[in-house]
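Below is protein-v1.pdb, which holds PDB, C-alpha atoms.
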```pdb
ATOM      1  CA  SER A   5      22.266  17.614 -25.087
ATOM      2  CA  LYS A   6      20.368  19.233 -22.243
ATOM      3  CA  LYS A   7      17.103  19.045 -24.193
ATOM      4  CA  LYS A   8      17.553  15.337 -24.861
ATOM      5  CA  ARG A   9      18.380  14.724 -21.210
ATOM      6  CA  MET A  10      15.226  16.500 -20.041
ATOM      7  CA  LYS A  11      13.080  14.458 -22.440
ATOM      8  CA  ALA A  12      14.626  11.233 -21.178
ATOM      9  CA  LEU A  13      13.962  12.168 -17.557
ATOM     10  CA  LEU A  14      10.380  13.167 -18.418
ATOM     11  CA  VAL A  15       9.767   9.718 -19.900
ATOM     12  CA  LEU A  16      11.136   8.058 -16.765
ATOM     13  CA  ALA A  17       8.919  10.242 -14.600
ATOM     14  CA  LEU A  18       5.812   9.198 -16.565
ATOM     15  CA  PHE A  19       6.684   5.520 -16.201
ATOM     16  CA  ALA A  20       7.328   6.040 -12.483
ATOM     17  CA  LEU A  21       3.854   7.578 -12.132
ATOM     18  CA  VAL A  22       2.237   4.519 -13.705
ATOM     19  CA  CYS A  23       4.278   2.176 -11.500
ATOM     20  CA  LEU A  24       3.323   4.162  -8.404
ATOM     21  CA  ALA A  25      -0.336   4.015  -9.350
ATOM     22  CA  SER A  26      -0.133   0.256  -9.801
ATOM     23  CA  ALA A  27       1.600  -0.154  -6.467
ATOM     24  CA  GLN A  28      -1.205   1.710  -4.738
ATOM     25  CA  GLN A  29      -3.508  -1.203  -5.493
ATOM     26  CA  GLY A  30      -1.371  -3.302  -3.099
ATOM     27  CA  THR A  31      -2.702  -5.588  -0.392
ATOM     28  CA  ASN A  32      -5.857  -4.371   1.337
ATOM     29  CA  ASN A  33      -5.926  -4.257   5.157
ATOM     30  CA  CYS A  34      -9.713  -3.875   5.159
ATOM     31  CA  GLN A  35     -11.154  -6.579   2.934
ATOM     32  CA  GLY A  36      -9.909  -9.827   1.486
ATOM     33  CA  ASN A  37     -10.342 -13.549   1.010
ATOM     34  CA  ALA A  38      -9.279 -16.321   3.370
ATOM     35  CA  GLY A  39     -10.148 -20.008   3.262
ATOM     36  CA  GLY A  40     -12.495 -19.466   0.320
ATOM     37  CA  ASP A  41     -14.595 -16.821   2.109
ATOM     38  CA  PHE A  42     -14.726 -13.050   1.678
ATOM     39  CA  TYR A  43     -14.349 -10.746   4.696
ATOM     40  CA  ASN A  44     -14.799  -7.007   5.098
ATOM     41  CA  LEU A  45     -13.806  -4.994   8.183
ATOM     42  CA  TRP A  46     -15.202  -1.687   6.958
ATOM     43  CA  ASP A  47     -18.390  -1.993   9.017
ATOM     44  CA  LEU A  48     -16.238  -2.584  12.112
ATOM     45  CA  HIS A  49     -14.188   0.489  11.239
ATOM     46  CA  GLN A  50     -17.360   2.573  10.994
ATOM     47  CA  LYS A  51     -18.797   1.096  14.187
ATOM     48  CA  LEU A  52     -15.669   2.233  16.061
ATOM     49  CA  GLY A  53     -15.481   5.587  14.309
ATOM     50  CA  GLY A  54     -11.969   4.798  13.081
ATOM     51  CA  SER A  55     -10.612   5.054  16.609
ATOM     52  CA  VAL A  56      -7.561   3.242  17.967
ATOM     53  CA  GLN A  57      -8.210   0.013  19.839
ATOM     54  CA  SER A  58      -5.787  -1.215  22.478
ATOM     55  CA  THR A  59      -5.122  -4.183  24.723
ATOM     56  CA  ILE A  60      -2.616  -4.763  27.528
ATOM     57  CA  SER A  61      -0.660  -7.934  28.192
ATOM     58  CA  SER A  62       2.350  -8.405  30.506
ATOM     59  CA  GLY A  63       2.642  -4.642  30.835
ATOM     60  CA  GLN A  64       2.799  -4.138  27.070
ATOM     61  CA  THR A  65       0.107  -2.185  25.254
ATOM     62  CA  TYR A  66      -0.830  -2.936  21.648
ATOM     63  CA  TYR A  67      -2.590  -0.382  19.442
ATOM     64  CA  TYR A  68      -4.499  -1.193  16.256
ATOM     65  CA  VAL A  69      -7.083   0.459  13.959
ATOM     66  CA  PRO A  70      -9.218  -1.765  11.680
ATOM     67  CA  CYS A  71      -8.924  -0.530   8.083
ATOM     68  CA  GLY A  72      -6.489   2.175   9.089
ATOM     69  CA  THR A  73      -3.286   3.137  10.840
ATOM     70  CA  VAL A  74      -2.471   4.436  14.300
ATOM     71  CA  GLN A  75      -0.557   7.335  12.755
ATOM     72  CA  GLY A  76      -1.735  10.659  14.132
ATOM     73  CA  GLN A  77      -3.772   9.053  16.929
ATOM     74  CA  ILE A  78      -0.900   7.763  19.058
ATOM     75  CA  THR A  79       1.790  10.451  18.964
ATOM     76  CA  ASP A  80       4.736   8.153  19.621
ATOM     77  CA  CYS A  81       3.644   5.605  17.007
ATOM     78  CA  ASN A  82       5.434   7.363  14.171
ATOM     79  CA  PHE A  83       8.733   5.927  13.000
ATOM     80  CA  PRO A  84      10.328   8.027  10.222
ATOM     81  CA  SER A  85      13.307   5.696   9.940
ATOM     82  CA  TYR A  86      11.216   2.695   8.875
ATOM     83  CA  ASP A  87       7.416   3.233   8.955
ATOM     84  CA  THR A  88       5.285   6.371   9.213
ATOM     85  CA  THR A  89       1.979   4.485   8.762
ATOM     86  CA  PRO A  90       2.013   1.628  11.308
ATOM     87  CA  ALA A  91      -1.112  -0.511  11.488
ATOM     88  CA  VAL A  92       0.020  -2.077  14.777
ATOM     89  CA  CYS A  93       2.100  -0.334  17.418
ATOM     90  CA  GLN A  94       3.444  -1.551  20.760
ATOM     91  CA  ARG A  95       4.192   0.386  23.941
ATOM     92  CA  ASP A  96       6.556  -1.803  25.904
ATOM     93  CA  ALA A  97       6.807  -2.303  29.673
ATOM     94  CA  ARG A  98      10.053  -0.397  30.200
ATOM     95  CA  ASN A  99      10.313   2.736  32.305
ATOM     96  CA  PRO A 100      10.233   5.061  30.472
ATOM     97  CA  PRO A 101       8.338   3.059  27.838
ATOM     98  CA  GLN A 102       9.504   2.694  24.263
ATOM     99  CA  TYR A 103       7.281   2.406  21.207
ATOM    100  CA  HIS A 104       7.740  -0.058  18.366
ATOM    101  CA  GLY A 105       6.137  -0.473  14.954
ATOM    102  CA  CYS A 106       4.810  -4.016  14.610
ATOM    103  CA  GLY A 107       3.467  -4.025  11.053
ATOM    104  CA  THR A 108       2.723  -1.385   8.452
ATOM    105  CA  GLY A 109      -0.623  -0.158   7.150
ATOM    106  CA  ASN A 110       0.908   0.995   3.865
ATOM    107  CA  PRO A 111      -1.171  -0.749   1.135
ATOM    108  CA  SER A 112       1.732  -0.826  -1.334
ATOM    109  CA  SER A 113       3.904  -2.892   1.016
ATOM    110  CA  GLY A 114       2.137  -6.192   0.407
ATOM    111  CA  SER A 115       1.124  -6.366   4.071
ATOM    112  CA  PRO A 116      -1.013  -7.718   5.622
ATOM    113  CA  THR A 117      -1.628 -11.145   4.155
ATOM    114  CA  TRP A 118      -5.048 -12.726   4.588
ATOM    115  CA  GLN A 119      -4.975 -16.297   5.919
ATOM    116  CA  PRO A 120      -7.521 -18.791   7.287
ATOM    117  CA  LEU A 121      -7.582 -19.427  11.033
ATOM    118  CA  ASP A 122      -5.377 -22.281  12.222
ATOM    119  CA  SER A 123      -6.710 -25.670  13.300
ATOM    120  CA  SER A 124      -7.007 -24.657  16.973
ATOM    121  CA  TYR A 125     -10.259 -22.856  16.102
ATOM    122  CA  GLY A 126     -11.835 -25.975  14.615
ATOM    123  CA  SER A 127     -14.598 -25.203  12.109
ATOM    124  CA  THR A 128     -15.163 -21.654  13.402
ATOM    125  CA  LYS A 129     -15.246 -19.083  10.638
ATOM    126  CA  GLY A 130     -12.851 -16.188  10.610
ATOM    127  CA  PHE A 131      -9.479 -15.139   9.276
ATOM    128  CA  ARG A 132      -5.979 -14.105  10.263
ATOM    129  CA  LEU A 133      -4.295 -10.843   9.311
ATOM    130  CA  PHE A 134      -0.525 -11.212   9.230
ATOM    131  CA  PHE A 135       1.301  -7.878   9.335
ATOM    132  CA  ASN A 136       4.697  -9.194   8.339
ATOM    133  CA  LYS A 137       6.267  -6.108   6.755
ATOM    134  CA  GLY A 138       7.239  -2.621   7.833
ATOM    135  CA  GLY A 139       7.786  -3.483  11.496
ATOM    136  CA  GLU A 140      10.750  -2.239  13.487
ATOM    137  CA  PRO A 141      13.865  -3.938  12.078
ATOM    138  CA  ASP A 142      15.491  -6.309  14.525
ATOM    139  CA  GLY A 143      18.172  -8.634  13.224
ATOM    140  CA  THR A 144      17.126 -10.316  10.003
ATOM    141  CA  GLU A 145      13.363 -10.118  10.591
ATOM    142  CA  PRO A 146      11.196  -7.078  11.432
ATOM    143  CA  ARG A 147       8.705  -7.124  14.277
ATOM    144  CA  SER A 148       5.435  -8.633  13.090
ATOM    145  CA  THR A 149       1.854  -9.124  14.298
ATOM    146  CA  THR A 150      -0.896 -11.640  13.629
ATOM    147  CA  ILE A 151      -4.484 -10.753  14.502
ATOM    148  CA  ASP A 152      -6.991 -13.616  14.538
ATOM    149  CA  PHE A 153     -10.490 -12.344  13.727
ATOM    150  CA  VAL A 154     -12.972 -14.936  15.008
ATOM    151  CA  CYS A 155     -16.595 -14.996  13.868
ATOM    152  CA  GLU A 156     -18.966 -14.577  16.831
ATOM    153  CA  PRO A 157     -22.355 -13.292  15.593
ATOM    154  CA  SER A 158     -23.477 -12.164  19.082
ATOM    155  CA  ASN A 159     -20.377 -10.061  19.750
ATOM    156  CA  ASP A 160     -20.836  -6.475  18.527
ATOM    157  CA  PRO A 161     -18.267  -5.039  18.183
ATOM    158  CA  GLY A 162     -16.198  -7.267  20.463
ATOM    159  CA  GLN A 163     -12.787  -6.263  21.759
ATOM    160  CA  LEU A 164      -9.149  -6.546  20.758
ATOM    161  CA  SER A 165      -7.270  -8.851  23.124
ATOM    162  CA  ALA A 166      -3.839 -10.434  23.421
ATOM    163  CA  LYS A 167      -3.454 -14.168  22.947
ATOM    164  CA  ILE A 168      -1.542 -16.352  25.396
ATOM    165  CA  PRO A 169       1.326 -16.116  24.830
ATOM    166  CA  ASP A 170       1.163 -12.727  23.189
ATOM    167  CA  GLU A 171       4.766 -12.973  21.952
ATOM    168  CA  SER A 172       6.234 -16.121  20.416
ATOM    169  CA  PRO A 173       8.900 -16.245  19.116
ATOM    170  CA  GLU A 174      10.539 -13.000  20.213
ATOM    171  CA  HIS A 175       9.144  -9.906  18.459
ATOM    172  CA  ALA A 176       6.320 -11.893  16.833
ATOM    173  CA  TYR A 177       3.088 -10.710  18.457
ATOM    174  CA  HIS A 178      -0.313 -12.415  18.552
ATOM    175  CA  LEU A 179      -3.660 -10.689  19.068
ATOM    176  CA  GLU A 180      -7.295 -11.763  18.721
ATOM    177  CA  TRP A 181     -10.670 -10.139  18.071
ATOM    178  CA  ARG A 182     -13.949 -12.058  18.452
ATOM    179  CA  THR A 183     -16.701 -10.167  16.678
ATOM    180  CA  LYS A 184     -19.646 -10.514  14.317
ATOM    181  CA  TYR A 185     -17.689  -8.430  11.816
ATOM    182  CA  ALA A 186     -15.294 -11.365  11.382
ATOM    183  CA  CYS A 187     -18.068 -13.465   9.845
ATOM    184  CA  PRO A 188     -17.894 -14.040   6.064
ATOM    185  CA  GLY A 189     -20.004 -11.857   3.820
ATOM    186  CA  ALA A 190     -20.819 -11.344   0.166
ATOM    187  CA  PRO A 191     -17.835 -10.478  -2.021
ATOM    188  CA  PRO A 192     -17.563  -7.005  -3.576
ATOM    189  CA  PRO A 193     -18.879  -6.450  -7.105
ATOM    190  CA  PRO A 194     -16.549  -7.512  -9.946
ATOM    191  CA  GLY A 195     -14.004  -4.942 -11.038
ATOM    192  CA  PRO A 196     -10.811  -3.285  -9.867
ATOM    193  CA  GLY A 197      -9.729  -3.819  -6.264
ATOM    194  CA  GLY A 198     -11.468  -1.752  -3.596
ATOM    195  CA  ASP A 199     -10.024   0.790  -1.236
ATOM    196  CA  GLY A 200     -11.735  -0.613   1.827
ATOM    197  CA  GLU A 201     -14.984   1.233   1.348
ATOM    198  CA  LYS A 202     -17.336  -1.479   0.123
ATOM    199  CA  GLY A 203     -15.319  -2.367  -2.973
ATOM    200  CA  GLY A 204     -14.863   1.126  -4.401
ATOM    201  CA  ILE A 205     -12.202   1.898  -6.990
ATOM    202  CA  SER A 206      -8.762   2.182  -5.431
ATOM    203  CA  VAL A 207      -6.509   5.239  -5.618
ATOM    204  CA  GLY A 208      -4.187   3.305  -7.895
ATOM    205  CA  TRP A 209      -6.899   2.634 -10.465
ATOM    206  CA  ILE A 210      -8.059   6.249 -10.324
ATOM    207  CA  LEU A 211      -4.524   7.444 -11.142
ATOM    208  CA  VAL A 212      -4.184   4.919 -13.965
ATOM    209  CA  ILE A 213      -7.561   5.942 -15.460
ATOM    210  CA  ILE A 214      -6.687   9.644 -15.256
ATOM    211  CA  PHE A 215      -3.259   9.077 -16.815
ATOM    212  CA  PHE A 216      -4.508   7.086 -19.801
ATOM    213  CA  GLY A 217      -7.570   9.311 -20.195
ATOM    214  CA  ILE A 218      -5.326  12.368 -20.571
ATOM    215  CA  LEU A 219      -3.038  10.438 -22.928
ATOM    216  CA  ILE A 220      -5.944   9.462 -25.198
ATOM    217  CA  LEU A 221      -7.265  13.046 -25.271
ATOM    218  CA  TYR A 222      -3.781  14.288 -26.085
ATOM    219  CA  PHE A 223      -3.544  12.041 -29.146
ATOM    220  CA  LEU A 224      -7.108  12.684 -30.349
ATOM    221  CA  ILE A 225      -6.985  16.465 -30.008
ATOM    222  CA  GLY A 226      -3.439  16.664 -31.334
ATOM    223  CA  ALA A 227      -4.284  14.548 -34.366
ATOM    224  CA  CYS A 228      -7.337  16.697 -35.173
ATOM    225  CA  VAL A 229      -5.317  19.911 -34.906
ATOM    226  CA  ASN A 230      -2.540  18.544 -37.130
ATOM    227  CA  LYS A 231      -4.994  17.151 -39.697
ATOM    228  CA  PHE A 232      -7.486  20.000 -40.066
ATOM    229  CA  TYR A 233      -5.493  23.070 -38.984
ATOM    230  CA  PHE A 234      -1.947  22.328 -40.118
ATOM    231  CA  LYS A 235      -3.115  20.069 -43.014
ATOM    232  CA  SER A 236      -0.616  17.383 -42.054
ATOM    233  CA  GLU A 237      -0.609  13.969 -43.692
ATOM    234  CA  GLY A 238       0.649  10.484 -42.833
ATOM    235  CA  VAL A 239       2.637  10.016 -39.632
ATOM    236  CA  GLU A 240       2.856  13.786 -39.198
ATOM    237  CA  ILE A 241      -0.749  13.696 -37.965
ATOM    238  CA  ILE A 242       0.565  12.176 -34.725
ATOM    239  CA  PRO A 243       1.262  15.014 -32.280
ATOM    240  CA  ASN A 244       4.989  15.340 -31.554
ATOM    241  CA  HIS A 245       5.593  12.262 -33.684
ATOM    242  CA  GLY A 246       9.349  12.801 -33.508
ATOM    243  CA  PHE A 247       9.249  12.390 -29.746
ATOM    244  CA  TRP A 248       7.142   9.228 -29.844
ATOM    245  CA  PHE A 249       9.298   7.595 -32.505
ATOM    246  CA  ALA A 250      12.346   8.414 -30.371
ATOM    247  CA  LEU A 251      10.673   7.106 -27.204
ATOM    248  CA  PRO A 252      12.492   3.736 -27.016
ATOM    249  CA  GLY A 253      15.843   5.498 -27.275
ATOM    250  CA  LEU A 254      14.802   8.074 -24.681
ATOM    251  CA  VAL A 255      13.801   5.333 -22.249
ATOM    252  CA  LYS A 256      17.220   3.750 -22.720
ATOM    253  CA  ASP A 257      19.011   7.087 -22.330
ATOM    254  CA  GLY A 258      17.041   7.948 -19.220
ATOM    255  CA  ASN A 259      17.870   4.654 -17.554
ATOM    256  CA  VAL A 260      21.547   4.913 -18.482
ATOM    257  CA  PHE A 261      21.667   8.483 -17.161
ATOM    258  CA  VAL A 262      20.110   7.535 -13.812
ATOM    259  CA  VAL A 263      22.393   4.498 -13.420
ATOM    260  CA  ARG A 264      25.500   6.534 -14.221
ATOM    261  CA  LYS A 265      24.496   9.250 -11.779
ATOM    262  CA  ALA A 266      23.870   6.655  -9.071
ATOM    263  CA  LEU A 267      27.257   5.065  -9.710
ATOM    264  CA  GLY A 268      28.814   8.517  -9.590
ATOM    265  CA  LEU A 269      27.345   9.161  -6.139
ATOM    266  CA  CYS A 270      28.863   5.866  -5.016
ATOM    267  CA  GLY A 271      32.287   6.937  -6.282
ATOM    268  CA  ARG A 272      32.264   4.540  -9.213
ATOM    269  CA  GLY A 273      32.230   7.041 -12.021
ATOM    270  CA  GLY A 274      29.313   8.732 -13.704
ATOM    271  CA  GLY A 275      28.304  11.398 -16.134
ATOM    272  CA  TYR A 276      26.038  11.527 -19.121
ATOM    273  CA  SER A 277      28.465  12.325 -21.905
ATOM    274  CA  ALA A 278      29.207   8.667 -22.609
ATOM    275  CA  VAL A 279      25.553   7.911 -23.561
TER     276      VAL A 279
END
```
Show me the file's structure as structure tokens.
Amino acid sequence: SKKKRMKALLVLALFALVCLASAQQGTNNCQGNAGGDFYNLWDLHQKLGGSVQSTISSGQTYYYVPCGTVQGQITDCNFPSYDTTPAVCQRDARNPPQYHGCGTGNPSSGSPTWQPLDSSYGSTKGFRLFFNKGGEPDGTEPRSTTIDFVCEPSNDPGQLSAKIPDESPEHAYHLEWRTKYACPGAPPPPGPGGDGEKGGISVGWILVIIFFGILILYFLIGACVNKFYFKSEGVEIIPNHGFWFALPGLVKDGNVFVVRKALGLCGRGGGYSAV
């Protein structure tokens, strides 16, 4: 029935909201651990006022914002077909120039990864950010960028620069930043992952807390109303108990409905009547 279908889709939507909230926790492009040390780029972000930093090598310009994205600051660094929130963007040496996304700043993508510096830096402290997802697709691998943040206590704030070579292999770009803000610091306080601002609660955790807070209030208030106003007893105290007991079946129906619709769009049949 139409009513049953709407309930099934509502259940799927609630589960999707929880999944989306969890995904928002993602990998943080502002603070993380590498080589057993904790690093935080938020002070560098504040020092620069969140502005885009750039460096030129072999006629190519690279744009990057610590703890942010270049979206909205560099007009041509917006790629609706694959990434609208690039963390690293390249302006190539062609005439006229073309712009390429070289790694996303979307926290739910799992990029960047935090890695220790390679052996060429010896015992120097620092870390490497590897933006390996969300770059412009090219063949089997998207464009990617590594940025080596090297601890230099006297360098405030330092400057983004291109390594030599800046591209190796093709479409894999290598940048460097020597700064005091790449020196290890104290880890954030225990608790849910931060959003880049000194270990605060992430958007994902806020959504999860709100969702379950509303759910708990719904059950408590509903149970009180059923018990003391409607004089219900037993399982009937649970608000909309029929819906909750039918929940497993609704989840199944919702998934079957979505799959059948998707198959229908692909020309492989569809419909809901067979559920």
Next item on the list: Name the residues captured by the PyMOL selection byres ((chain A and resi 64-69) around 6) when it is applied to the shown file; answer as JSON, numbers by chain.
Entry: {"A": [56, 57, 58, 59, 60, 61, 62, 63, 70, 72, 73, 91, 92, 93, 94, 95, 96, 97]}
Item checked: Expected selection from the PyMOL selection byres ((chain A and resi 107) around 7), given as a PyMOL selection string -> chain A and resi 90-92+105-106+108-109+135-139+147-149
Next item on the list: Report the residues retrieved by the PyMOL selection byres ((chain A and resi 219-230) around 12) from the displayed file, expressed as a VMD selection string.
Entry: chain A and resid 18 212 to 218 231 to 245 248
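Each of A:Phe131, A:Tyr185, A:Tyr125, A:Tyr103 was checked against Asp47 (chain A) using only C-alpha atoms; the smallest atom-to-atom distance is that of A:Tyr185.
Distance check against Pro101 (chain A) using only C-alpha atoms: of A:Asp80, A:Leu211, A:Gly268, A:Pro188, the minimum falls on A:Asp80.
Across the structure, CA of Asn33 (chain A) and CA of Gln102 (chain A) are spaced 25.5 Å apart.
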Margin query: Let me make sure I understand: among A:Asn99, A:Ser55, A:Thr150, A:Gln77, which one has the smallest atom-to-atom distance to Trp118 (chain A) if we use only C-alpha atoms?
Written below: A:Thr150
Checklist line | Atom-to-atom span, CA of Leu164 (chain A) and CA of Phe83 (chain A), Å | finding: 23.1 Å
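Atom pair CA of Gln119 (chain A) / CA of Phe134 (chain A): separated by 7.5 Å.
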Can you pull out every residue within 6 Å of region 41-43 of chain A, counting all atoms listed in the file, but drop anything in the same chain fewer than 2 positions away, and send it as a JSON list (two decimals) with C-alpha atoms, in the frame of the given file?
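As a result, part_19.json now contains:
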```json
[["chain", "number", "residue", "atom", "x", "y", "z"],
["A", 35, "GLN", "CA", -11.15, -6.58, 2.93],
["A", 36, "GLY", "CA", -9.91, -9.83, 1.49],
["A", 37, "ASN", "CA", -10.34, -13.55, 1.01],
["A", 38, "ALA", "CA", -9.28, -16.32, 3.37],
["A", 39, "GLY", "CA", -10.15, -20.01, 3.26],
["A", 188, "PRO", "CA", -17.89, -14.04, 6.06],
["A", 189, "GLY", "CA", -20.00, -11.86, 3.82],
["A", 191, "PRO", "CA", -17.84, -10.48, -2.02]]
```
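With distances taken over all atoms listed in the file, A:Pro146 is the one residue among A:Pro146, A:Gly253, A:Gly126, A:Pro169 lying closest to Asp87 (chain A).
Proximity ranking of A:Glu156, A:Glu180, A:Asp257, A:Asp170 relative to Thr128 (chain A) places A:Glu156 first, based on all atoms listed in the file.
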Note to self: From (-9.4, -8.8, 20.6), in the file's coordinates, out to 8 Å: which residues are reached, counting only C-alpha atoms? Answer as a list in words.
What the structure shows: Thr59, Phe153, Gly162, Gln163, Leu164, Ser165, Ala166, Leu179, Glu180, Trp181 and Arg182 of chain A
